[in-house]
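To keep things clear, I will list the structure first and then write my remarks on it.
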Amino acid sequence: MIFIKVRINVKWEQRKLKDISIIIAGGDKNKDKLKKIGNYPVIANAVNSDGVVGYYDDSYRIEAPAITVTGRGDIGHATPRYLNFTPVVRLLALKTKHNVLFLANAINKITIFNESTGVPQLTKPQLSKYSVKVTKLNEEKKISKIINTLNKLVTLQQRKLEQFKQLKKVMLQYLLTTEKKSAPLIRNKNYNNKWDTTTFSKLLNYERPENYIVTNTNYRKNGIPVLTANKSFILGYTNESNVYNKGEAIIFDDFTLENKFVNFPFMIKSSAIKILTSKVNYSLYFIFQLLQHTKFIKEGHARHYISVVQKQIVKIPPSYEEQESISDTFSRIQSLIKLQQNKIDQHTTLKKYLLQKMFI
């Protein structure tokens, strides 16, 4: 006997998708009818932008509620649909008497095997053979209500995160200035001197990374963090001893121009990283914001720091205190962004945990 782990009083049944749904394969989109704005979405296999590639004004193929399952590329990704729509480019659509949010989550728990030797694809006959575990409709609705609440919570937190990120972008525009202006649009009333014109070469020292490159890339779960300048930032941890421990630094990828501010001991993996520190009477965190704000022209797959970044002309307050005052504003905003990201991570973890408990 099979029972739900959260609500143990309801039995679950394993059923093939072909027995509990009607599966329809998407066809070609009608380019003559396709519009950017309309009544009924036209949906393809992309996961981004909810898969919507346009709209039809007066027609649709699938009546909601229904489910779509990606059949090309990132195959097997199920999404509940609550608006009438038309599936295209081999997107699979399912009509069912079961709750669509419940069934979509059940499908997403399936390990889909790619049977194609070329571009990954999932066909109607292949999908129909997969099985999921379902329960009574009223129980599915209760579980879906929990999932929907969690989805709304995560979406709300993500919106707040985007608002904080947008706030940072706006403040970068208002608190920093360009080569053509003598001062920023917003400024502390205690400071009125013109900003100095300089270059990054006069603001920063740089150090080559060879002394701090990790030798063993079989990383540990704790120890000294091994860093990269891209989005992943922390690759893992090591117990090696040749640690960079000289205080605050900026790690800068010479090829991609990505950079991170670091205020803890670390090691690095790549020889493409340059370690940047501030010269006397300059705030490193302020310079980090300048790096974030400045648009550099890339020269293909080449090293950029010496040839491009060091020569870049920038404006900076002559007063160290003003630099620190501006840095403090950005630090506060960044703390809000980090706090908000932590909330999203916690809610996402909670959602995964509950889904594991609610589905077998």
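Letters for chains follow the order of the structure tokens (A, B, ...), residue numbers begin at 1 for each chain, and ligand numbers begin at 1 in the order shown.
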Spatial neighbours of Phe164 of chain A, max dist 9 Å, only C-alpha atoms, sep filter under 2 positions, as an MDAnalysis selection string: chainID A and resid 159:162 166:169 333:334 336:337 340
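Residue neighbourhood of Pro80 of chain A, excluding near-sequence residues (fewer than 5 positions): Ala66, Ile67, Thr68, Val100, Leu101 and Ala104 of chain A, at 7 Å, using only C-alpha atoms.
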Selection file, C-alpha atoms, as an mmCIF file, in the first residue's frame:
data_model
loop_
_atom_site.group_PDB
_atom_site.id
_atom_site.type_symbol
_atom_site.label_atom_id
_atom_site.label_comp_id
_atom_site.auth_asym_id
_atom_site.auth_seq_id
_atom_site.Cartn_x
_atom_site.Cartn_y
_atom_site.Cartn_z
ATOM 1 C CA ALA A 66 -3.855 21.911 -19.155
ATOM 2 C CA ILE A 67 -0.180 21.019 -18.878
ATOM 3 C CA THR A 68 2.708 21.520 -21.296
ATOM 4 C CA VAL A 100 -2.902 20.290 -13.372
ATOM 5 C CA LEU A 101 -0.529 21.805 -10.794
ATOM 6 C CA ALA A 104 2.807 18.900 -13.466
#
Non-local contacts of Gly76 of chain A (8 Å; only C-alpha atoms; under 6 positions in same chain excluded) as a list in words: Val69, Thr70, Ile107, Asn108, Ile112 and Leu122 of chain A
Quick one: write out the picked residues with N, CA, C and O atoms as a compact mmCIF listing (two decimals), in the first residue's frame?
# COMPACT_ATOMS: atom_id res chain seq x y z
N VAL A 69 4.55 20.01 -21.66
CA VAL A 69 5.80 19.30 -21.34
C VAL A 69 6.76 19.54 -22.50
O VAL A 69 6.42 19.25 -23.65
N THR A 70 7.94 20.05 -22.20
CA THR A 70 8.91 20.36 -23.26
C THR A 70 9.36 19.09 -23.96
O THR A 70 9.72 18.11 -23.32
N ILE A 107 4.97 15.01 -12.78
CA ILE A 107 5.75 14.76 -14.00
C ILE A 107 7.19 15.25 -13.84
O ILE A 107 8.15 14.60 -14.29
N ASN A 108 7.36 16.38 -13.17
CA ASN A 108 8.70 16.94 -12.99
C ASN A 108 9.57 16.07 -12.09
O ASN A 108 10.80 16.25 -12.03
N ILE A 112 13.44 11.69 -17.06
CA ILE A 112 13.16 11.49 -18.48
C ILE A 112 14.46 11.11 -19.20
O ILE A 112 15.47 11.79 -19.08
N LEU A 122 11.56 14.58 -26.84
CA LEU A 122 10.61 13.71 -26.16
C LEU A 122 9.34 13.70 -27.00
O LEU A 122 8.73 14.75 -27.23
Filtered DSSP result for segment 32-183 of chain A, state alpha helix (DSSP H), as a PyMOL selection string: chain A and resi 100-108+124-128+137-175
For the residues in that selection, give me N, CA and C atoms as a compact mmCIF listing (two decimals), in the first residue's frame.
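Everything below was put into selection_2.txt:
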# COMPACT_ATOMS: atom_id res chain seq x y z
N VAL A 100 -4.04 20.10 -12.46
CA VAL A 100 -2.90 20.29 -13.37
C VAL A 100 -1.62 20.68 -12.63
N LEU A 101 -1.73 21.44 -11.55
CA LEU A 101 -0.53 21.81 -10.79
C LEU A 101 0.05 20.58 -10.11
N PHE A 102 -0.80 19.76 -9.55
CA PHE A 102 -0.36 18.51 -8.92
C PHE A 102 0.33 17.62 -9.95
N LEU A 103 -0.34 17.40 -11.09
CA LEU A 103 0.20 16.47 -12.09
C LEU A 103 1.49 17.01 -12.70
N ALA A 104 1.58 18.32 -12.92
CA ALA A 104 2.81 18.90 -13.47
C ALA A 104 3.99 18.65 -12.53
N ASN A 105 3.78 18.80 -11.23
CA ASN A 105 4.84 18.53 -10.26
C ASN A 105 5.18 17.05 -10.22
N ALA A 106 4.18 16.20 -10.37
CA ALA A 106 4.43 14.76 -10.41
C ALA A 106 5.28 14.40 -11.64
N ILE A 107 4.97 15.01 -12.78
CA ILE A 107 5.75 14.76 -14.00
C ILE A 107 7.19 15.25 -13.84
N ASN A 108 7.36 16.38 -13.17
CA ASN A 108 8.70 16.94 -12.99
C ASN A 108 9.57 16.07 -12.09
N LYS A 124 5.39 12.18 -28.19
CA LYS A 124 4.12 11.81 -27.58
C LYS A 124 4.11 10.33 -27.17
N PRO A 125 4.51 9.39 -28.03
CA PRO A 125 4.52 7.98 -27.60
C PRO A 125 5.46 7.73 -26.43
N GLN A 126 6.61 8.41 -26.42
CA GLN A 126 7.56 8.22 -25.33
C GLN A 126 7.00 8.72 -24.01
N LEU A 127 6.42 9.92 -24.01
CA LEU A 127 5.87 10.49 -22.78
C LEU A 127 4.72 9.64 -22.26
N SER A 128 3.91 9.10 -23.14
CA SER A 128 2.72 8.36 -22.73
C SER A 128 3.06 7.11 -21.91
N LEU A 137 -8.88 13.52 -6.26
CA LEU A 137 -8.85 14.89 -6.74
C LEU A 137 -8.86 15.90 -5.59
N ASN A 138 -9.65 15.64 -4.55
CA ASN A 138 -9.70 16.60 -3.44
C ASN A 138 -8.36 16.69 -2.72
N GLU A 139 -7.64 15.56 -2.64
CA GLU A 139 -6.31 15.57 -2.02
C GLU A 139 -5.30 16.28 -2.91
N GLU A 140 -5.41 16.09 -4.21
CA GLU A 140 -4.54 16.79 -5.15
C GLU A 140 -4.73 18.30 -5.04
N LYS A 141 -5.98 18.73 -4.86
CA LYS A 141 -6.27 20.16 -4.74
C LYS A 141 -5.64 20.73 -3.47
N LYS A 142 -5.69 19.98 -2.39
CA LYS A 142 -5.10 20.45 -1.14
C LYS A 142 -3.58 20.58 -1.27
N ILE A 143 -2.96 19.58 -1.90
CA ILE A 143 -1.51 19.63 -2.11
C ILE A 143 -1.16 20.79 -3.04
N SER A 144 -1.95 20.98 -4.09
CA SER A 144 -1.70 22.06 -5.04
C SER A 144 -1.83 23.42 -4.38
N LYS A 145 -2.73 23.54 -3.42
CA LYS A 145 -2.89 24.81 -2.71
C LYS A 145 -1.62 25.15 -1.94
N ILE A 146 -1.00 24.13 -1.33
CA ILE A 146 0.26 24.34 -0.61
C ILE A 146 1.35 24.75 -1.60
N ILE A 147 1.44 24.03 -2.72
CA ILE A 147 2.46 24.35 -3.74
C ILE A 147 2.26 25.77 -4.27
N ASN A 148 1.02 26.12 -4.54
CA ASN A 148 0.72 27.45 -5.07
C ASN A 148 1.11 28.54 -4.08
N THR A 149 0.86 28.30 -2.79
CA THR A 149 1.24 29.27 -1.77
C THR A 149 2.75 29.45 -1.73
N LEU A 150 3.49 28.34 -1.82
CA LEU A 150 4.94 28.40 -1.83
C LEU A 150 5.45 29.12 -3.09
N ASN A 151 4.83 28.83 -4.23
CA ASN A 151 5.23 29.50 -5.48
C ASN A 151 5.04 31.01 -5.38
N LYS A 152 3.90 31.42 -4.82
CA LYS A 152 3.63 32.85 -4.68
C LYS A 152 4.63 33.50 -3.73
N LEU A 153 4.99 32.79 -2.67
CA LEU A 153 5.94 33.31 -1.70
C LEU A 153 7.30 33.51 -2.35
N VAL A 154 7.76 32.52 -3.11
CA VAL A 154 9.05 32.63 -3.79
C VAL A 154 9.01 33.76 -4.82
N THR A 155 7.91 33.85 -5.58
CA THR A 155 7.77 34.90 -6.58
C THR A 155 7.81 36.28 -5.95
N LEU A 156 7.14 36.43 -4.81
CA LEU A 156 7.14 37.71 -4.10
C LEU A 156 8.54 38.10 -3.66
N GLN A 157 9.28 37.13 -3.13
CA GLN A 157 10.65 37.41 -2.69
C GLN A 157 11.56 37.73 -3.87
N GLN A 158 11.34 37.06 -5.01
CA GLN A 158 12.13 37.35 -6.20
C GLN A 158 11.87 38.76 -6.71
N ARG A 159 10.60 39.20 -6.63
CA ARG A 159 10.28 40.56 -7.04
C ARG A 159 10.99 41.58 -6.15
N LYS A 160 11.01 41.31 -4.86
CA LYS A 160 11.71 42.21 -3.94
C LYS A 160 13.20 42.26 -4.25
N LEU A 161 13.76 41.09 -4.58
CA LEU A 161 15.18 41.04 -4.93
C LEU A 161 15.45 41.90 -6.17
N GLU A 162 14.60 41.78 -7.19
CA GLU A 162 14.78 42.58 -8.40
C GLU A 162 14.65 44.06 -8.11
N GLN A 163 13.78 44.42 -7.18
CA GLN A 163 13.64 45.82 -6.80
C GLN A 163 14.91 46.35 -6.15
N PHE A 164 15.51 45.55 -5.28
CA PHE A 164 16.77 45.97 -4.65
C PHE A 164 17.89 46.09 -5.68
N LYS A 165 17.93 45.16 -6.63
CA LYS A 165 18.95 45.22 -7.67
C LYS A 165 18.74 46.45 -8.55
N GLN A 166 17.48 46.77 -8.84
CA GLN A 166 17.19 47.96 -9.62
C GLN A 166 17.56 49.22 -8.85
N LEU A 167 17.32 49.21 -7.54
CA LEU A 167 17.71 50.34 -6.70
C LEU A 167 19.22 50.56 -6.78
N LYS A 168 19.99 49.47 -6.74
CA LYS A 168 21.44 49.61 -6.84
C LYS A 168 21.85 50.21 -8.17
N LYS A 169 21.21 49.78 -9.26
CA LYS A 169 21.53 50.32 -10.59
C LYS A 169 21.26 51.82 -10.64
N VAL A 170 20.12 52.22 -10.08
CA VAL A 170 19.77 53.64 -10.08
C VAL A 170 20.76 54.44 -9.25
N MET A 171 21.11 53.92 -8.08
CA MET A 171 22.05 54.63 -7.21
C MET A 171 23.43 54.72 -7.84
N LEU A 172 23.82 53.72 -8.60
CA LEU A 172 25.10 53.80 -9.34
C LEU A 172 25.06 54.98 -10.31
N GLN A 173 23.91 55.19 -10.93
CA GLN A 173 23.77 56.29 -11.89
C GLN A 173 23.82 57.64 -11.18
N TYR A 174 23.24 57.70 -9.98
CA TYR A 174 23.10 58.98 -9.29
C TYR A 174 24.28 59.32 -8.37
N LEU A 175 24.92 58.32 -7.79
CA LEU A 175 25.98 58.57 -6.83
C LEU A 175 27.38 58.57 -7.45
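Across A:Lys351, A:Leu203, A:Asp253, A:Val226, the tightest approach to Phe286 of chain A is made by A:Leu203 when counting only C-alpha atoms.
Among A:Ile297, A:Phe252, A:Glu324, A:Phe264, the residue with the shortest atom-to-atom distance to Ser283 of chain A, counting only C-alpha atoms, is A:Glu324.
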Computed interatomic separation between atom CA of Lys36 of chain A and atom CA of Pro120 of chain A (Å): 28.2 Å
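Neighbours of Leu235 of chain A closer than or equal to 10 Å, with only C-alpha atoms counted and sequence neighbours fewer than 3 positions away skipped, come out as A:Thr217, A:Tyr219, A:Arg220, A:Pro225, A:Val226, A:Leu227, A:Thr228, A:Ser232, A:Thr238, A:Ile268, A:Lys269.
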Backbone-only DSSP, strand (DSSP E) members of segment 56-264 of chain A, as number ranges by chain: A: 56, 66-69, 78-81, 86-87, 92-96, 131-134, 196-199, 204-207, 224-227, 234-238, 249-253, 259-262
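Taking atom CA of Ser331 of chain A as the reference point, atom CA of Tyr206 of chain A is found at 23.0 Å.
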Exercise: Ser21 of chain A partners within 7 Å, only C-alpha atoms, chain neighbours under 3 positions left out, as a VMD selection string: chain A and resid 17 to 18 94 to 96
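Distance-wise, atom CA of Gly247 of chain A and atom CA of Asn263 of chain A end up 6.1 Å apart.
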Shortest interatomic distance to Gln289 of chain A - which of A:Leu176, A:Ala272, A:Leu34, A:Ala64, counting only C-alpha atoms: A:Leu176
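In this comparison, which uses only C-alpha atoms, the residue of A:Asn342, A:Glu322, A:Tyr285, A:Ile24 approaching Asn192 of chain A most closely is A:Glu322.
Counting only C-alpha atoms, the residue from A:Asp32, A:Glu63, A:Asp254, A:Asp345 that sits nearest to Pro87 of chain A is A:Glu63.
With distances restricted to only C-alpha atoms, A:Ala46 is the closest residue to Val89 of chain A from A:Ala46, A:Val314, A:Leu339, A:Ile273.
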